Amino acid sequence: MVISQFSAATSTGRSEALLTRSGLLGDGLGSRGSKSKVLLMRTWISRPVTVRRSFSVNNVSGDSKQKLKNPITQEEALTAHSPFTPDAASIASSIKYHAEFTPLFSPERFELPKAFFATAQSVRDALIINWNATYDYYEKLNVKQAYYLSMEFLQGRALLNAIGNLELTGAYAEALRNLGHKLEHVAIQEPDAALGNGGLGRLASCFLDSLATLNYPAWGYGLRYKYGLFKQQITKDGQEEVVEDWLEMGNPWEIVRNDVSYPVKFYGKVASGSDGKSHWTGGEDVKAVACDVPIPGYKTKTTINLRLWSTKALSEDFDLHAFNAGEHTKAYEALANAEKICYILYPGDESMEGKVLRLKQQYTLCSASLQDIIARFERRSGANLRWEEFPEKVAVQMNDTHPTLCIPELMRILIDLKGLSWKEAWNITQRTVAYTNHTVLPEALEKWSLELMQKLLPRHVEIIEIIDEELIHTIVSEYGTADYELLEKKLKEMRILENVDLPSAFADLFVKLKPKESPVVVPSEELENSEDAVEPIDEEDAVETIDEEDAVEPIDEEDGSEKKVTQETKMELPEPVPEPPKMVRMANLCVVGGHAVNGVAEIHSEIVKDEVFNAFFKLWPEKFQNKTNGVTPRRWIHFCNPELSKIVSDWIGSEDWVLNTEKLAELQKFTDNEDLQTQWRAAKRNNKLKVVSFLKERTGYSVSPDAMFDIQVKRIHEYKRQLLNILGIVYRYKKMKEMSAAERKSKFVPRVCIFGGKAFATYVQAKRIVKFITDVGATVNHDPEIGDLLKVVFVPDYNVSVAELLIPASELSQHISTAGMEASGTSNMKFAMNGCIQIGTLDGANVEIRQEVGVENFFLFGAKAHEIAGLRKQRAEGKFVPDPRFEEVKEFVLSGAFGSYNYDELIGSLEGNEGFGCADYFLVGEDFPSYIECQEKVDEAYRDQKSWTRMSILNTAGSYKFSSDRTIHEYAKDIWNIEPVKLP
């Protein structure tokens with residue numbers, strides 16, 4: 001295509017020069033080599049020759065076609081890719097160059113999608129220059145580098161963030177305007193990268209932004225999901241999942257590094273070689289290929305890297321003979337098995353195939369990333385390679401338990417491939433790796449079937465078994481053998497391998513220590529001597545719940561395989577107890593294998609020490625830290641809320657707060673200034689008007705910008721209690737219906753209640769909650785008696801871009817999780833930063849936000865974390881007396897007021913006193929009275945707009961602590977031991 005375009009206008013030599021030039025920077029090679037070739041190629045051009053082709057474009061105001069202004073010349077083509085002066089003219093040339101020479105679209109038109117890709121590619125050129133310079137400098141200095149491993153990176157759109165960090169927003173807006181488009185129209189063509197789902201991935205992306213902005217040497221590592229989680233559609237049946245198509249048109253930000261790939265092995269067997277080393281052979285091999293995304297810092301040259309792994313099989317794994325024989329599926333089987341590893345984020349794990357795929361994903365991330373990190377260490381060390389210095393050059397942070405296999409994988413590489421001893425490898429591993437805990441929910445503290453892991457990763461199980469055995473040694477040394485019950489309790493709590501027999505080295509010891517028990521009377525000598533005899537199991541050793549598929553089927557008496565005994569004999573036999581599954585506890589492995597364990601909010605870190613890992617904390621208190629989460633103020637106020645950002649800068653006197661959020665506190669002295677309050681309210685209203693248009697377009701519902709915007713957006717989960725929110729709305733609606741129009745207007749402030757978030761595809765109860773919210777909305781929003789006094793809107797397919805629109809417009813946000821169950825939360829920080837007042841429990845970062853913004857500027861309700869266990873105990877004992885208003889709401893829902901859907905099971909989860917799936921485990925009923933009473937205080941406060949605006953300003957002023965820059969400084973100093981490296 002490129003040659004044909006230039007063949008009529010220039011010589012073959014010139015065309016080759018252009019091709020060479022295009023390939024050079026398009027592949028992102030070193031900047032030093034680039035410059036020398038640019039100079040050489042420029043000498044081949046004797047005069048500029050105008051390329052005659054022009055593009056048809058859609059006018060921004062309609063569908064009429066227009067010509068691309070000032071079609072690109074050959075001289076512009078050569079200079080467009082060079083480090084350009086950041087002005088509108090050179091940017092326009094760069095955009096035109098990419099539209100012509102690196103196209104992903106046909107050449108006839110220059111419409112918005114093509115304009116976006118050409119614009120993004122022109123930005124990428126600037127990033128590549130800084131990116132190459134950053135890593136050239138790191139290579140030369142051989143500095144210690146941090147590597148952040150995460151299964152999720154929820155980045156959002158990159159274009160506006162990148163040009164904002166490069167301080168080129170104005171220049172790009174002008175350049176695109178000259179080319180016939182508006183920057184904001186071009187920017188919304190970008191799909192959100194489907195590389196994450198919730199706060200875990202959003203935090204990781206904020207951290208990368210801060211690392212680059214603060215000039216810390218660091219990389220992110222993740223997986224390049226082809227389809228991400230799913231795209232959420234809301235239908236009459238509630239949530240429906242369809243494939244996410246974010247890569248359908250390509251990704252202009254990424255660069256595939258075909259020369260950077262590593263083998264990743266599954267299955268096979270382990271054998272000891274003549275050299276005494278373990279050799280992992282056979283099995284299934286895939287190749288992990290690197291795909292890089294540059295991450296620019298704000299007002300700095302530093303541009304760091306997010307390296308994502310995709311998986312594929314080798315070409316020789318394609319079975320050509322099978323294909324030619326018509327066995328097409330068989331021929332492609334190896335390739336499909338390799339590629340599917342990176343298809344979906346969190347594939348459903350109800351089936352064994354799903355479990356295998358998830359474990360493959362986690363190991364692929366760990367193995368490929370560590371091989372890459374080690375290769376970089378070896379290259380930088382050169383002839384002075386000393387493995388004991390590895391922790392002095394490398395810090396690996398595991399974001400939650402998904403990357404836990406880093407620990408046995410690093411051990412495997414160091415011992416099996418690099419020849420280190422166990423002691424040397426273990427010392428290096430512990431000094432290198434650190435673990436961030438993100439949850440106190442037992443189901444989220446990952447456990448993997450030992451049997452599955454033995455099949456898939458046999459060498460790693462051997463290593464984990466040795467780590468577990470050494471841990472047992474440590475526990476026995478710490479607690480001694482005098483108190484058998486205490487020792488047994490600690491082993492059960494702390495071991496990595498759950499329900500696994502003690503190693504042989506300890507078996508005899510525990511036989512001697514265990515108190516003698518009264519013999520079980522077995523009336524039949526034959527049974528007593530039988531291999532099928534059932535040993536009595538201590539109640540404390542039994543697991544609390546057994547999956548149905550693991551339950552032991554009763555033996556049919558007519559089965560000839562069992563000897564018949566008399567009825568009297570059977571009554572004396574102990575009942576057979578199913579053998580509990582043998583599991584690998586990943587969180588315990590993280591704590592044992594790393595040098596630091598941190599929670600992500602003050603209250604969460606205390607729960608981690610006092611409850612989740614209390615035994616480990618008592619053993620190694622020095623390992624445990626707190627690192628309260630943060631969000632980047634660049635994306636979450638400066639770029640997404642430019643009007644409010646300008647007001648803040650004008651009143652503070654500079655934009656310094658974007659890098660030093662402590663300066664936000666200076667707003668406190670202006671909170672009562674009427675001019676500031678007027679400007680503040682105007683900015684909020686303008687943001688609300690944008691959301692009004694968005695909701696109409698996305699959902700069809702019309703809402704009033706004069707109503708309070710009340711927003712809860714986050715993953716749909718029972719502990720986050722969207723159910724409490726919607727039941728509160730139902731109560732509000734019911735009371736409205738019981739009043740006259742005049743009474744309603746005097747009693748209630750108009751509200752638009754907005755929900756957003758995805759329920760995991762197999763999480764039935766969460767999907768019921770989504771369905772319930774949409775049903776309530778369908779009823780309330782079409783009730784003519786209620787009108788604009790109450791609207792309920794569920795925004796489909798909530799993502800970062802939607803958050804960037806909703807959060808600046810929010811006036812009240814709900815962070816109402818059951819106390820003690822939310823590790824931190826980060827959306828609460830974004831809302832506060834944008835002047836939104838919060839209603840919430842004392843959970844996660846809510847505690848610290850309330851301290852910083854002022855207790856009078858936060859609407860608090862609900863039980864406290866230390867009360868939760870006692871309240872559940874009271875419920876189990878039948879002592880809970882529900883509030884009449886709560887009972888009233890449940891009856892109203894079951895009456896069919898919101899349609900014909902059967903909500904018995906949803907409401908049933910709030911009934912009873914014990915049992916899985918009922919007994920109101922998340923205390924919705926307990927907190928309901930204080931919640932609706934707190935909402936009455938919200939209404940009262942909102943009526944006084946002057947006071948409300950003051951509260952809003954103080955929320956922004958008090959949010960300074962919750963910048964991810966502060967968090968990253970703490971990680972760098974306390975865990976990673978890395979220093980900023982600013983490019984000269």
# chains A, B, ... in the order shown; residues from 1 in each chain; ligands from 1

$ residues_around --residues "Asp192 in chain A" --least-positions-apart "6" --cutoff "8 Å" --atoms "only C-alpha atoms" --output "PyMOL selection string"
chain A and resi 155-157+246+799-801

$ write_last_selection --atoms "C-alpha atoms" --output "compact mmCIF listing (two decimals), in the first residue's frame"
# COMPACT_ATOMS: atom_id res chain seq x y z
CA GLN A 155 -6.67 1.40 32.74
CA GLY A 156 -9.61 3.11 31.09
CA ARG A 157 -9.09 5.21 27.99
CA TRP A 246 -12.23 -4.10 22.89
CA ASN A 799 -16.35 0.93 33.42
CA VAL A 800 -13.64 3.55 33.96
CA SER A 801 -14.94 5.88 31.27

$ select_by_dssp --residues "range 718-917 of chain A" --states "alpha helix (DSSP H)" --output "ChimeraX atom specification"
/A:722-737,741-747,764-780,800-809,827-833,846-853,868-876,884-894,904-908

$ atom_distance --atom1 "CA of Leu370 in chain A" --atom2 "CA of Val396 in chain A"
9.0 Å

$ atom_distance --atom1 "CA of Cys640 in chain A" --atom2 "CA of Thr169 in chain A"
12.9 Å

$ atom_distance --atom1 "CA of Gln454 in chain A" --atom2 "CA of Arg358 in chain A"
15.0 Å

$ closest_residue --among "A:Val243, A:Ala601, A:Leu659, A:Cys406" --to "Asn846 in chain A" --atoms "only C-alpha atoms"
A:Ala601

$ select_by_dssp --residues "range 307-415 of chain A" --states "strand (DSSP E)" --output "list of chain:residue names"
A:Arg307, A:Leu308, A:Trp309, A:Ser310, A:Thr311, A:Lys312, A:Val394, A:Ala395, A:Val396, A:Gln397, A:Met398, A:Asn399

$ closest_residue --among "A:Lys455, A:Lys890, A:Arg635, A:Lys582" --to "Asp501 in chain A" --atoms "only C-alpha atoms"
A:Lys582

$ closest_residue --among "A:Leu112, A:Ala288, A:Pro191, A:Asp349" --to "Tyr763 in chain A" --atoms "only C-alpha atoms"
A:Asp349

$ residues_around --residues "Trp448 in chain A" --least-positions-apart "2" --cutoff "10 Å" --atoms "only C-alpha atoms" --output "list in words"
Lys355, Leu359, Glu446, Leu450, Glu451, Leu452, Met453, Leu497, Glu498, Pro581, Lys582, Met583, Val584, Arg585 and Met586 of chain A

$ residues_around --residues "range 374-377 of chain A" --least-positions-apart "6" --cutoff "12 Å" --atoms "only C-alpha atoms" --output "PyMOL selection string"
chain A and resi 135+138-139+142-145+147+219+260-262+366-368+383-396+409-410+413-414+417-418+432

$ closest_residue --among "A:Arg109, A:Lys269, A:His866, A:Lys830" --to "Val631 in chain A" --atoms "only C-alpha atoms"
A:Lys830

$ residues_around --residues "Val776 in chain A" --least-positions-apart "3" --cutoff "6 Å" --atoms "only C-alpha atoms" --output "PyMOL selection string"
chain A and resi 773+779+898

$ write_last_selection --atoms "N, CA and C atoms" --output "PDB file, in the first residue's frame"
ATOM      1  N   ILE A 773     -32.926  -4.305  41.092  1.00  0.00           N
ATOM      2  CA  ILE A 773     -32.712  -2.862  40.895  1.00  0.00           C
ATOM      3  C   ILE A 773     -33.393  -2.389  39.610  1.00  0.00           C
ATOM      4  N   THR A 779     -40.504   0.317  37.517  1.00  0.00           N
ATOM      5  CA  THR A 779     -41.764   0.689  38.164  1.00  0.00           C
ATOM      6  C   THR A 779     -41.768   2.160  38.574  1.00  0.00           C
ATOM      7  N   PHE A 898     -43.303  -4.878  42.092  1.00  0.00           N
ATOM      8  CA  PHE A 898     -42.296  -4.569  41.078  1.00  0.00           C
ATOM      9  C   PHE A 898     -42.274  -5.609  39.957  1.00  0.00           C
TER      10      PHE A 898
END

$ closest_atom_pairs --of "range 282-323 of chain A" --to "range 333-337 of chain A" --cutoff "12 Å" --atoms "only C-alpha atoms" --output "CSV"
residue,atom,partner,partner_atom,distance
A:Gly283,CA,A:Ala334,CA,11.8
A:Glu284,CA,A:Ala334,CA,8.6
A:Asp285,CA,A:Ala334,CA,9.2
A:Val286,CA,A:Leu335,CA,8.7
A:Lys287,CA,A:Leu335,CA,10.3
A:Thr311,CA,A:Leu335,CA,9.3
A:Lys312,CA,A:Leu335,CA,6.3
A:Ala313,CA,A:Leu335,CA,5.0
A:Leu314,CA,A:Leu335,CA,7.7
A:Ser315,CA,A:Leu335,CA,8.3
A:Glu316,CA,A:Leu335,CA,9.7
A:Asp317,CA,A:Ala334,CA,6.1
A:Phe318,CA,A:Leu335,CA,6.8
A:Asp319,CA,A:Glu333,CA,8.6
A:Leu320,CA,A:Glu333,CA,11.6
A:Ala322,CA,A:Glu333,CA,10.6
A:Phe323,CA,A:Glu333,CA,10.7

$ write_last_selection --atoms "N, CA, C and O atoms" --output "mmCIF file, in the first residue's frame"
data_model
loop_
_atom_site.group_PDB
_atom_site.id
_atom_site.type_symbol
_atom_site.label_atom_id
_atom_site.label_comp_id
_atom_site.auth_asym_id
_atom_site.auth_seq_id
_atom_site.Cartn_x
_atom_site.Cartn_y
_atom_site.Cartn_z
ATOM 1 N N GLY A 283 5.088 -33.086 29.151
ATOM 2 C CA GLY A 283 3.948 -32.220 29.382
ATOM 3 C C GLY A 283 3.617 -31.325 28.206
ATOM 4 O O GLY A 283 3.934 -31.618 27.055
ATOM 5 N N GLU A 284 2.998 -30.206 28.529
ATOM 6 C CA GLU A 284 2.473 -29.268 27.531
ATOM 7 C C GLU A 284 3.251 -27.962 27.616
ATOM 8 O O GLU A 284 3.388 -27.377 28.681
ATOM 9 N N ASP A 285 3.768 -27.502 26.487
ATOM 10 C CA ASP A 285 4.555 -26.271 26.447
ATOM 11 C C ASP A 285 3.819 -25.198 25.656
ATOM 12 O O ASP A 285 3.290 -25.465 24.566
ATOM 13 N N VAL A 286 3.783 -24.001 26.206
ATOM 14 C CA VAL A 286 3.252 -22.853 25.474
ATOM 15 C C VAL A 286 4.306 -21.753 25.505
ATOM 16 O O VAL A 286 5.279 -21.814 26.261
ATOM 17 N N LYS A 287 4.077 -20.752 24.673
ATOM 18 C CA LYS A 287 5.011 -19.637 24.598
ATOM 19 C C LYS A 287 4.293 -18.363 25.018
ATOM 20 O O LYS A 287 3.212 -18.053 24.511
ATOM 21 N N THR A 311 -0.433 -15.701 24.981
ATOM 22 C CA THR A 311 0.084 -17.066 24.875
ATOM 23 C C THR A 311 -0.230 -17.666 23.519
ATOM 24 O O THR A 311 -1.291 -17.421 22.943
ATOM 25 N N LYS A 312 0.694 -18.445 23.027
ATOM 26 C CA LYS A 312 0.465 -19.164 21.783
ATOM 27 C C LYS A 312 1.343 -20.410 21.767
ATOM 28 O O LYS A 312 2.290 -20.544 22.566
ATOM 29 N N ALA A 313 1.011 -21.323 20.873
ATOM 30 C CA ALA A 313 1.809 -22.545 20.705
ATOM 31 C C ALA A 313 2.787 -22.329 19.558
ATOM 32 O O ALA A 313 2.636 -21.417 18.729
ATOM 33 N N LEU A 314 3.788 -23.169 19.504
ATOM 34 C CA LEU A 314 4.738 -23.101 18.401
ATOM 35 C C LEU A 314 4.082 -23.584 17.114
ATOM 36 O O LEU A 314 3.148 -24.394 17.130
ATOM 37 N N SER A 315 4.571 -23.094 15.986
ATOM 38 C CA SER A 315 3.974 -23.457 14.688
ATOM 39 C C SER A 315 3.995 -24.961 14.471
ATOM 40 O O SER A 315 3.051 -25.524 13.890
ATOM 41 N N GLU A 316 5.060 -25.616 14.950
ATOM 42 C CA GLU A 316 5.163 -27.058 14.719
ATOM 43 C C GLU A 316 4.113 -27.853 15.478
ATOM 44 O O GLU A 316 3.920 -29.040 15.221
ATOM 45 N N ASP A 317 3.438 -27.200 16.421
ATOM 46 C CA ASP A 317 2.367 -27.888 17.140
ATOM 47 C C ASP A 317 1.089 -28.004 16.318
ATOM 48 O O ASP A 317 0.148 -28.677 16.736
ATOM 49 N N PHE A 318 1.044 -27.315 15.205
ATOM 50 C CA PHE A 318 -0.099 -27.482 14.306
ATOM 51 C C PHE A 318 0.075 -28.794 13.548
ATOM 52 O O PHE A 318 1.076 -29.009 12.870
ATOM 53 N N ASP A 319 -0.898 -29.689 13.668
ATOM 54 C CA ASP A 319 -0.808 -31.028 13.085
ATOM 55 C C ASP A 319 -1.286 -30.986 11.634
ATOM 56 O O ASP A 319 -2.480 -31.106 11.348
ATOM 57 N N LEU A 320 -0.338 -30.811 10.726
ATOM 58 C CA LEU A 320 -0.676 -30.663 9.308
ATOM 59 C C LEU A 320 -1.307 -31.933 8.745
ATOM 60 O O LEU A 320 -2.251 -31.876 7.947
ATOM 61 N N ALA A 322 -3.099 -34.203 10.342
ATOM 62 C CA ALA A 322 -4.478 -34.313 10.809
ATOM 63 C C ALA A 322 -5.388 -33.347 10.061
ATOM 64 O O ALA A 322 -6.518 -33.687 9.698
ATOM 65 N N PHE A 323 -4.881 -32.169 9.790
ATOM 66 C CA PHE A 323 -5.699 -31.178 9.083
ATOM 67 C C PHE A 323 -6.036 -31.666 7.673
ATOM 68 O O PHE A 323 -7.186 -31.592 7.228
#

$ closest_residue --among "A:Ala707, A:Leu168, A:Ile163, A:Ala194" --to "Ile344 in chain A" --atoms "only C-alpha atoms"
A:Ala194

$ closest_residue --among "A:Lys627, A:Lys490, A:Lys265, A:Lys360" --to "Asn614 in chain A" --atoms "only C-alpha atoms"
A:Lys490

$ residues_around --residues "Asn781 in chain A" --least-positions-apart "3" --cutoff "8 Å" --atoms "only C-alpha atoms" --output "ChimeraX atom specification"
/A:701,777-778,786-787,790-792
